[in-house]
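Engineer: Input file: upload36.cif. Contents: mmCIF, C-alpha atoms and all ligand atoms.
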```
data_model
loop_
_atom_site.group_PDB
_atom_site.id
_atom_site.type_symbol
_atom_site.label_atom_id
_atom_site.label_comp_id
_atom_site.auth_asym_id
_atom_site.auth_seq_id
_atom_site.Cartn_x
_atom_site.Cartn_y
_atom_site.Cartn_z
ATOM 1 C CA MET V 1 0.000 0.000 0.000
ATOM 2 C CA ALA V 2 2.695 2.408 1.024
ATOM 3 C CA TYR V 3 4.582 1.395 -2.070
ATOM 4 C CA ASN V 4 1.585 2.227 -4.261
ATOM 5 C CA ILE V 5 1.168 5.575 -2.617
ATOM 6 C CA ARG V 6 4.811 6.325 -3.296
ATOM 7 C CA ILE V 7 4.349 5.400 -6.914
ATOM 8 C CA ARG V 8 1.295 7.599 -7.260
ATOM 9 C CA ARG V 9 3.099 10.457 -5.582
ATOM 10 C CA SER V 10 6.127 10.150 -7.808
ATOM 11 C CA THR V 11 3.868 9.928 -10.880
ATOM 12 C CA ALA V 12 2.075 13.072 -9.778
ATOM 13 C CA LEU V 13 5.415 14.733 -9.171
ATOM 14 C CA LEU V 14 6.627 13.763 -12.622
ATOM 15 C CA ALA V 15 3.420 15.109 -14.179
ATOM 16 C CA ALA V 16 3.839 18.356 -12.292
ATOM 17 C CA LEU V 17 7.450 18.628 -13.413
ATOM 18 C CA LEU V 18 6.475 17.958 -17.016
ATOM 19 C CA ALA V 19 3.692 20.527 -16.854
ATOM 20 C CA GLY V 20 6.166 23.039 -15.469
ATOM 21 C CA ALA V 21 8.658 22.268 -18.191
ATOM 22 C CA LEU V 22 5.989 22.662 -20.869
ATOM 23 C CA ALA V 23 4.788 25.923 -19.337
ATOM 24 C CA ALA V 24 8.343 27.226 -19.482
ATOM 25 C CA CYS V 25 8.535 26.592 -23.214
ATOM 26 C CA ALA V 26 7.431 28.958 -25.908
ATOM 27 C CA HIS V 27 3.765 29.607 -26.532
ATOM 28 C CA PRO V 28 1.973 27.010 -28.614
ATOM 29 C CA GLY V 29 2.310 27.911 -32.257
ATOM 30 C CA SER V 30 5.426 29.957 -31.610
ATOM 31 C CA PRO V 31 7.590 30.493 -34.686
ATOM 32 C CA SER V 32 10.650 29.746 -32.534
ATOM 33 C CA PRO V 33 9.964 26.296 -31.096
ATOM 34 C CA GLY V 34 13.503 26.048 -29.711
ATOM 35 C CA ILE V 35 13.209 29.024 -27.409
ATOM 36 C CA VAL V 36 12.733 28.464 -23.688
ATOM 37 C CA ILE V 37 11.086 31.265 -21.727
ATOM 38 C CA VAL V 38 10.706 31.056 -17.960
ATOM 39 C CA ASP V 39 7.752 32.948 -16.559
ATOM 40 C CA ARG V 40 8.741 34.899 -13.434
ATOM 41 C CA PRO V 41 5.932 37.448 -13.236
ATOM 42 C CA VAL V 42 6.342 40.566 -11.133
ATOM 43 C CA PRO V 43 3.281 41.608 -9.093
ATOM 44 C CA PHE V 44 0.956 43.515 -11.390
ATOM 45 C CA SER V 45 -1.928 44.837 -9.319
ATOM 46 C CA GLN V 46 -4.914 46.790 -10.562
ATOM 47 C CA ASN V 47 -3.153 49.783 -9.020
ATOM 48 C CA ARG V 48 -0.201 49.230 -11.355
ATOM 49 C CA VAL V 49 -2.582 48.970 -14.306
ATOM 50 C CA GLU V 50 -4.147 52.291 -13.302
ATOM 51 C CA LEU V 51 -0.720 53.896 -12.874
ATOM 52 C CA THR V 52 0.166 52.676 -16.361
ATOM 53 C CA ARG V 53 -3.033 54.143 -17.800
ATOM 54 C CA ALA V 54 -2.234 57.431 -16.061
ATOM 55 C CA TYR V 55 1.273 57.413 -17.570
ATOM 56 C CA ILE V 56 -0.182 56.811 -21.034
ATOM 57 C CA ARG V 57 -2.615 59.689 -20.504
ATOM 58 C CA GLU V 58 -0.058 62.119 -19.089
ATOM 59 C CA HIS V 59 2.879 61.376 -21.366
ATOM 60 C CA TYR V 60 1.236 60.268 -24.586
ATOM 61 C CA GLY V 61 -2.094 62.085 -24.452
ATOM 62 C CA LEU V 62 -4.017 58.850 -24.957
ATOM 63 C CA GLU V 63 -7.100 57.779 -23.004
ATOM 64 C CA VAL V 64 -6.999 53.984 -23.079
ATOM 65 C CA ALA V 65 -9.305 51.312 -21.674
ATOM 66 C CA ASP V 66 -6.475 48.844 -21.060
ATOM 67 C CA ILE V 67 -2.685 48.816 -21.253
ATOM 68 C CA ARG V 68 -2.255 46.515 -24.215
ATOM 69 C CA ILE V 69 0.082 47.728 -26.945
ATOM 70 C CA VAL V 70 0.685 46.886 -30.578
ATOM 71 C CA PRO V 71 4.450 46.298 -30.596
ATOM 72 C CA LYS V 72 6.442 47.912 -33.386
ATOM 73 C CA ILE V 73 9.907 48.179 -31.827
ATOM 74 C CA ILE V 74 12.142 45.851 -29.826
ATOM 75 C CA VAL V 75 14.352 47.781 -27.388
ATOM 76 C CA LEU V 76 17.403 46.054 -25.882
ATOM 77 C CA HIS V 77 18.881 47.179 -22.553
ATOM 78 C CA TRP V 78 21.241 46.278 -19.774
ATOM 79 C CA THR V 79 20.346 46.731 -16.126
ATOM 80 C CA ALA V 80 23.777 47.899 -14.886
ATOM 81 C CA VAL V 81 23.047 45.706 -11.847
ATOM 82 C CA ALA V 82 25.330 42.689 -11.557
ATOM 83 C CA THR V 83 22.875 40.043 -10.294
ATOM 84 C CA PHE V 84 19.581 38.614 -11.500
ATOM 85 C CA GLN V 85 17.839 39.197 -8.179
ATOM 86 C CA GLY V 86 19.110 42.737 -7.863
ATOM 87 C CA SER V 87 17.918 43.463 -11.380
ATOM 88 C CA TYR V 88 14.559 41.730 -10.857
ATOM 89 C CA ASN V 89 13.917 43.652 -7.644
ATOM 90 C CA ALA V 90 13.982 46.935 -9.561
ATOM 91 C CA PHE V 91 10.769 45.907 -11.323
ATOM 92 C CA ILE V 92 8.609 44.443 -8.556
ATOM 93 C CA HIS V 93 7.023 47.515 -7.004
ATOM 94 C CA ASP V 94 4.064 49.434 -8.437
ATOM 95 C CA THR V 95 5.617 52.841 -7.893
ATOM 96 C CA ILE V 96 9.069 54.157 -8.601
ATOM 97 C CA PRO V 97 11.417 54.251 -5.597
ATOM 98 C CA GLY V 98 12.101 57.622 -4.029
ATOM 99 C CA ASP V 99 15.826 57.422 -4.784
ATOM 100 C CA ARG V 100 15.089 57.741 -8.492
ATOM 101 C CA ALA V 101 13.806 61.259 -8.050
ATOM 102 C CA ASN V 102 14.438 62.303 -11.645
ATOM 103 C CA LEU V 103 12.049 59.586 -12.851
ATOM 104 C CA ALA V 104 9.584 59.861 -9.967
ATOM 105 C CA ALA V 105 9.109 63.532 -10.705
ATOM 106 C CA VAL V 106 7.591 62.697 -14.078
ATOM 107 C CA GLY V 107 5.350 59.795 -13.113
ATOM 108 C CA ALA V 108 4.706 57.462 -10.176
ATOM 109 C CA LEU V 109 4.622 54.303 -12.303
ATOM 110 C CA ASN V 110 7.647 52.101 -11.615
ATOM 111 C CA VAL V 111 9.969 51.019 -14.361
ATOM 112 C CA GLY V 112 9.085 47.686 -15.904
ATOM 113 C CA ILE V 113 10.209 45.284 -18.607
ATOM 114 C CA GLN V 114 8.684 42.374 -20.477
ATOM 115 C CA PHE V 115 11.865 40.226 -20.543
ATOM 116 C CA LEU V 116 14.970 39.911 -18.378
ATOM 117 C CA VAL V 117 17.932 37.825 -19.586
ATOM 118 C CA ASP V 118 20.270 36.465 -16.918
ATOM 119 C CA ARG V 119 24.053 36.241 -17.317
ATOM 120 C CA ASP V 120 23.746 32.544 -18.243
ATOM 121 C CA GLY V 121 21.308 33.346 -21.045
ATOM 122 C CA THR V 122 18.130 32.226 -19.268
ATOM 123 C CA ILE V 123 15.195 34.266 -20.591
ATOM 124 C CA TYR V 124 12.637 35.336 -17.980
ATOM 125 C CA ARG V 125 9.240 36.843 -18.846
ATOM 126 C CA LEU V 126 8.210 39.296 -16.127
ATOM 127 C CA MET V 127 4.811 40.389 -17.439
ATOM 128 C CA PRO V 128 2.502 39.842 -20.415
ATOM 129 C CA GLU V 129 4.384 40.582 -23.611
ATOM 130 C CA THR V 130 1.940 43.190 -24.885
ATOM 131 C CA TRP V 131 1.222 45.086 -21.697
ATOM 132 C CA MET V 132 2.980 48.427 -21.607
ATOM 133 C CA ALA V 133 6.105 48.687 -19.472
ATOM 134 C CA ARG V 134 7.999 51.853 -18.583
ATOM 135 C CA HIS V 135 11.495 51.286 -19.976
ATOM 136 C CA VAL V 136 12.138 53.802 -22.736
ATOM 137 C CA ILE V 137 11.010 57.426 -22.856
ATOM 138 C CA GLY V 138 8.766 58.235 -25.799
ATOM 139 C CA LEU V 139 8.441 54.700 -27.121
ATOM 140 C CA ASN V 140 6.888 52.590 -24.349
ATOM 141 C CA TYR V 141 3.522 52.435 -26.051
ATOM 142 C CA ASN V 142 5.057 50.963 -29.198
ATOM 143 C CA SER V 143 7.775 48.700 -27.884
ATOM 144 C CA ILE V 144 8.683 45.473 -26.133
ATOM 145 C CA GLY V 145 11.739 45.713 -23.894
ATOM 146 C CA VAL V 146 14.475 43.212 -23.148
ATOM 147 C CA GLU V 147 16.770 43.845 -20.179
ATOM 148 C CA ASN V 148 20.063 42.036 -19.697
ATOM 149 C CA VAL V 149 21.505 41.473 -16.230
ATOM 150 C CA GLY V 150 24.775 43.343 -15.795
ATOM 151 C CA GLY V 151 26.472 45.707 -18.152
ATOM 152 C CA THR V 152 28.227 47.549 -15.408
ATOM 153 C CA ARG V 153 31.391 49.291 -16.438
ATOM 154 C CA GLY V 154 34.094 46.788 -17.222
ATOM 155 C CA ALA V 155 31.694 43.860 -17.303
ATOM 156 C CA ASP V 156 30.061 43.553 -20.659
ATOM 157 C CA LEU V 157 27.204 41.232 -21.486
ATOM 158 C CA THR V 158 27.991 37.540 -21.941
ATOM 159 C CA GLU V 159 28.042 35.374 -25.059
ATOM 160 C CA ALA V 160 25.088 33.472 -23.586
ATOM 161 C CA GLN V 161 23.132 36.713 -23.280
ATOM 162 C CA LEU V 162 23.971 37.641 -26.855
ATOM 163 C CA ALA V 163 22.693 34.251 -28.075
ATOM 164 C CA ALA V 164 19.538 34.607 -25.941
ATOM 165 C CA ASN V 165 18.828 38.096 -27.287
ATOM 166 C CA ILE V 166 19.162 36.780 -30.829
ATOM 167 C CA ARG V 167 16.698 33.954 -30.097
ATOM 168 C CA LEU V 168 14.302 36.357 -28.413
ATOM 169 C CA VAL V 169 14.386 38.874 -31.253
ATOM 170 C CA ARG V 170 13.593 36.050 -33.674
ATOM 171 C CA TYR V 171 10.746 34.854 -31.458
ATOM 172 C CA LEU V 172 9.210 38.322 -31.101
ATOM 173 C CA ALA V 173 9.615 39.322 -34.738
ATOM 174 C CA GLY V 174 8.024 36.044 -35.803
ATOM 175 C CA LYS V 175 5.145 36.321 -33.361
ATOM 176 C CA TYR V 176 4.344 39.992 -33.972
ATOM 177 C CA PRO V 177 4.390 40.988 -37.655
ATOM 178 C CA THR V 178 3.830 44.607 -36.543
ATOM 179 C CA ILE V 179 7.437 44.760 -35.275
ATOM 180 C CA HIS V 180 9.647 46.548 -37.783
ATOM 181 C CA TYR V 181 12.406 48.059 -35.628
ATOM 182 C CA LEU V 182 15.207 46.779 -33.415
ATOM 183 C CA ILE V 183 17.099 49.356 -31.368
ATOM 184 C CA GLY V 184 19.384 49.681 -28.395
ATOM 185 C CA HIS V 185 18.224 51.933 -25.577
ATOM 186 C CA HIS V 186 21.160 54.260 -26.323
ATOM 187 C CA GLU V 187 19.571 54.935 -29.737
ATOM 188 C CA TYR V 188 16.069 55.845 -28.528
ATOM 189 C CA ARG V 189 16.290 59.611 -28.975
ATOM 190 C CA GLN V 190 16.779 59.177 -32.706
ATOM 191 C CA PHE V 191 13.030 58.505 -32.822
ATOM 192 C CA GLU V 192 12.217 62.056 -31.696
ATOM 193 C CA GLY V 193 10.153 63.612 -34.459
ATOM 194 C CA ASP V 194 9.046 60.200 -35.756
ATOM 195 C CA PRO V 195 5.310 59.352 -35.590
ATOM 196 C CA LEU V 196 6.136 56.474 -33.198
ATOM 197 C CA TRP V 197 7.571 58.951 -30.667
ATOM 198 C CA LEU V 198 4.707 59.939 -28.332
ATOM 199 C CA GLU V 199 6.294 61.768 -25.364
ATOM 200 C CA ARG V 200 4.695 65.191 -24.843
ATOM 201 C CA ASN V 201 7.044 66.449 -22.114
ATOM 202 C CA THR V 202 9.943 68.018 -24.013
ATOM 203 C CA GLY V 203 12.028 68.284 -20.841
ATOM 204 C CA TYR V 204 11.834 64.564 -19.973
ATOM 205 C CA ARG V 205 14.947 62.900 -21.414
ATOM 206 C CA THR V 206 17.689 60.735 -19.967
ATOM 207 C CA GLY V 207 21.100 59.976 -21.430
ATOM 208 C CA LYS V 208 21.557 56.254 -22.064
ATOM 209 C CA THR V 209 24.544 54.124 -23.046
ATOM 210 C CA ASP V 210 22.983 50.649 -22.838
ATOM 211 C CA PRO V 211 23.511 48.155 -24.341
ATOM 212 C CA GLY V 212 26.063 49.867 -26.582
ATOM 213 C CA PRO V 213 26.924 49.711 -30.290
ATOM 214 C CA ALA V 214 29.057 46.565 -30.123
ATOM 215 C CA PHE V 215 26.210 44.493 -28.683
ATOM 216 C CA MET V 216 23.688 45.923 -31.145
ATOM 217 C CA THR V 217 26.004 45.250 -34.096
ATOM 218 C CA ALA V 218 26.390 41.636 -32.995
ATOM 219 C CA VAL V 219 22.630 41.099 -32.590
ATOM 220 C CA ARG V 220 21.792 42.834 -35.856
ATOM 221 C CA SER V 221 24.285 40.865 -37.880
ATOM 222 C CA ALA V 222 22.795 37.617 -36.533
ATOM 223 C CA VAL V 223 19.213 38.576 -37.421
ATOM 224 C CA ALA V 224 19.925 40.451 -40.664
ATOM 225 C CA ASP V 225 17.565 38.111 -42.527
ATOM 226 C CA LEU V 226 14.625 39.554 -40.543
ATOM 227 C CA HIS V 227 15.203 42.980 -42.147
ATOM 228 C CA LEU V 228 14.369 44.878 -38.981
ATOM 229 C CA GLU V 229 15.180 48.563 -39.195
ATOM 230 C CA GLY V 230 17.362 50.529 -36.816
ATOM 231 C CA PRO V 231 16.342 53.958 -35.527
ATOM 232 C CA PRO V 232 15.817 56.836 -37.935
ATOM 233 C CA PRO V 233 19.113 58.546 -38.835
ATOM 234 C CA ALA V 234 20.471 60.909 -36.168
ATOM 235 C CA ARG V 235 19.465 64.533 -36.684
ATOM 236 C CA PRO V 236 21.765 67.487 -36.073
ATOM 237 C CA ALA V 237 21.884 68.408 -32.371
ATOM 238 C CA GLY V 238 18.857 70.454 -31.318
ATOM 239 C CA ALA V 239 16.924 69.789 -34.514
ATOM 240 C CA ALA V 240 14.410 67.507 -32.845
ATOM 241 C CA THR V 241 13.976 69.069 -29.423
ATOM 242 C CA ASP V 242 10.268 69.687 -29.912
ATOM 243 C CA GLY V 243 9.523 67.428 -32.845
ATOM 244 C CA GLY V 244 7.638 64.827 -30.834
ATOM 245 C CA ALA V 245 5.065 67.241 -29.543
ATOM 246 C CA ARG V 246 3.591 67.733 -32.984
ATOM 247 C CA HIS V 247 2.661 64.084 -33.445
HETATM 248 ZN ZN ZN V 301 17.965 50.831 -20.755
#
```
Transcribe the structure of this file into structure tokens.
Structural biologist:
Amino acid sequence: MAYNIRIRRSTALLAALLAGALAACAHPGSPSPGIVIVDRPVPFSQNRVELTRAYIREHYGLEVADIRIVPKIIVLHWTAVATFQGSYNAFIHDTIPGDRANLAAVGALNVGIQFLVDRDGTIYRLMPETWMARHVIGLNYNSIGVENVGGTRGADLTEAQLAANIRLVRYLAGKYPTIHYLIGHHEYRQFEGDPLWLERNTGYRTGKTDPGPAFMTAVRSAVADLHLEGPPPARPAGAATDGGARH
């Protein structure tokens, strides 16, 4: 009897493990069947949804019923935090921490990201892919973001992260035919003046260096067959300071 119970328990355990493994794999019908995505959702309360709607209203001038987006751009980042947990913790709260006063002053919504890639290349999904996250000024409503753990000075991203970003770009571009652009966060301001740039506050800009041209060149060369575009060409300094407000 005890033996049978053990068998049943181990069978149940195996089934649970298999279910977990299947859940960690790509969505059914994914165009990238080889990709493994681990769901590690951050808390996303109704309060966070409302804060997101308020951000969309305040920054983009849009009154929306929900926070779903139609993705057109993939934006790659690094967290500049050396560990997975330290990076993950930056995204768990609804509101932005007080020590990020420059960001808090222009919106209570915390930063967020759809994907976080660990140093070993493991891809974590932190929230639904097409819910808006705050990760790139001006373009949040049109983009899906990918953060990479690390990127602190002197410690570049790993080969495993590069390979994971390439797989993820292929997965996203295949799943969402509306995606036409692939950019690094450091390139985001080149969209100012483009119809996809929605930010209304002309004084709200941050200087970004992540993930850097070398990483972007490596990703782009590996996915050249997808024909994703980079950002619009850089304009002369000062030429686009108020361009976004007209769109
Ligand atoms: Zn970034």
Engineer: Just the number, please: distance in Å from atom CA of Leu126 of chain V to atom CA of Asn110 of chain V, one decimal.
Structural biologist: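 Taking atom CA of Leu126 of chain V as the start and atom CA of Asn110 of chain V as the end point, the length is 13.6 Å.
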Engineer: Report as a VMD selection string which protein, DNA and RNA residues come within 8 Å of ligand ZN 301 (chain V), using all atoms listed in the file.
Structural biologist: chain V and resid 76 to 79 135 to 136 147 184 to 186 208 to 211
Engineer: Can you tell me which residues surround segment 228-232 of chain V at a distance of at most 6 Å, considering only C-alpha atoms, apart from same-chain residues fewer than 6 positions away, and format the answer as a VMD selection string?
Structural biologist: chain V and resid 180 to 183 190
Engineer: Select, from V:Gln46, V:Thr95, V:Asn148, V:Ser143, the residue with the minimum atom-to-atom distance to Ile123 of chain V, counting all atoms listed in the file.
Structural biologist: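 Closest residue, counting all atoms listed in the file: V:Asn148.
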Engineer: Translate the PyMOL selection byres (((chain V and resi 96) around 12) and not hetatm), as applied to the file shown, into an explicit residue set as JSON, numbers by chain.
Structural biologist: {"V": [48, 51, 52, 89, 90, 91, 92, 93, 94, 95, 97, 98, 99, 100, 101, 102, 103, 104, 105, 106, 107, 108, 109, 110, 111, 112, 134, 135]}
Engineer: Between atom CA of Gln114 of chain V and atom CA of Ala234 of chain V, what is the distance in Å, rounded to a tenth?
Structural biologist: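 About the pair atom CA of Gln114 of chain V and atom CA of Ala234 of chain V: they are 27.0 Å apart.
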Engineer: At what distance in Å, to one decimal, does atom CA of Asn47 of chain V lie from atom CA of Asp66 of chain V?
Structural biologist: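 According to the coordinates, atom CA of Asp66 of chain V and atom CA of Asn47 of chain V are separated by 12.5 Å.
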Engineer: Quick check on the file I pasted: which residues fall under the PyMOL selection byres (((chain V and resi 118) around 12) and not hetatm)? Write them as an MDAnalysis selection string.
Structural biologist: chainID V and resid 37:38 78:79 81:88 115:117 119:125 146:151 157:165
Engineer: Set out as a Markdown table a contact list for segment 41-131 of chain V and segment 199-207 of chain V with a cut-off of 8 Å, giving each residue of segment 41-131 of chain V that qualifies its closest atom pair and distance in Å to one decimal, counting only C-alpha atoms, ordered by chain and rising residue number.
Structural biologist:
```
| residue | atom | partner | partner_atom | distance |
| --- | --- | --- | --- | --- |
| V:His59 | CA | V:Glu199 | CA | 5.3 |
| V:Tyr60 | CA | V:Glu199 | CA | 5.3 |
| V:Gly61 | CA | V:Arg200 | CA | 7.5 |
| V:Val106 | CA | V:Tyr204 | CA | 7.5 |
```
Engineer: Excluding same-chain residues fewer than 3 positions from Ile69 of chain V, what lies within 8 Å of it counting all atoms listed in the file, as a list in words?
Structural biologist: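 Those residues are Thr130, Trp131, Met132, Tyr141, Asn142 and Ser143 of chain V.
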Engineer: For Pro43 of chain V, which residue among V:Met216, V:Arg57, V:Asp225, V:Met127 is the nearest when counting all atoms listed in the file?
Structural biologist: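 Once distances to Pro43 of chain V are computed over all atoms listed in the file, the minimum belongs to V:Met127.
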Engineer: Please, what is the axis-aligned box for every listed atom of segment 203-212 of chain V with 4 Å on each side, as centre and edge lengths in Å to one decimal, as JSON?
Structural biologist:
```
{"center_x": 18.9, "center_y": 58.2, "center_z": -23.3, "size_x": 22.2, "size_y": 28.1, "size_z": 14.6}
```
Engineer: Between V:Asp156, V:Ala214, V:Leu226, V:Glu50, which one has atoms that come closest to Ala80 of chain V, using only C-alpha atoms?
Structural biologist: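 Distance minimum relative to Ala80 of chain V lands on V:Asp156.
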Engineer: Calculated over only C-alpha atoms, which of the candidates V:Leu172, V:Leu139, V:Ala224, V:Val219 has the smallest distance to Arg189 of chain V?
Structural biologist: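 The closest residue to Arg189 of chain V is V:Leu139.
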Engineer: So which one's closest to Leu196 of chain V, V:Leu168, V:Ile73, V:Ala173, V:Ala65? Using all atoms listed in the file, please.
Structural biologist: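 Looking at the shortest contact to Leu196 of chain V, the residue is V:Ile73.
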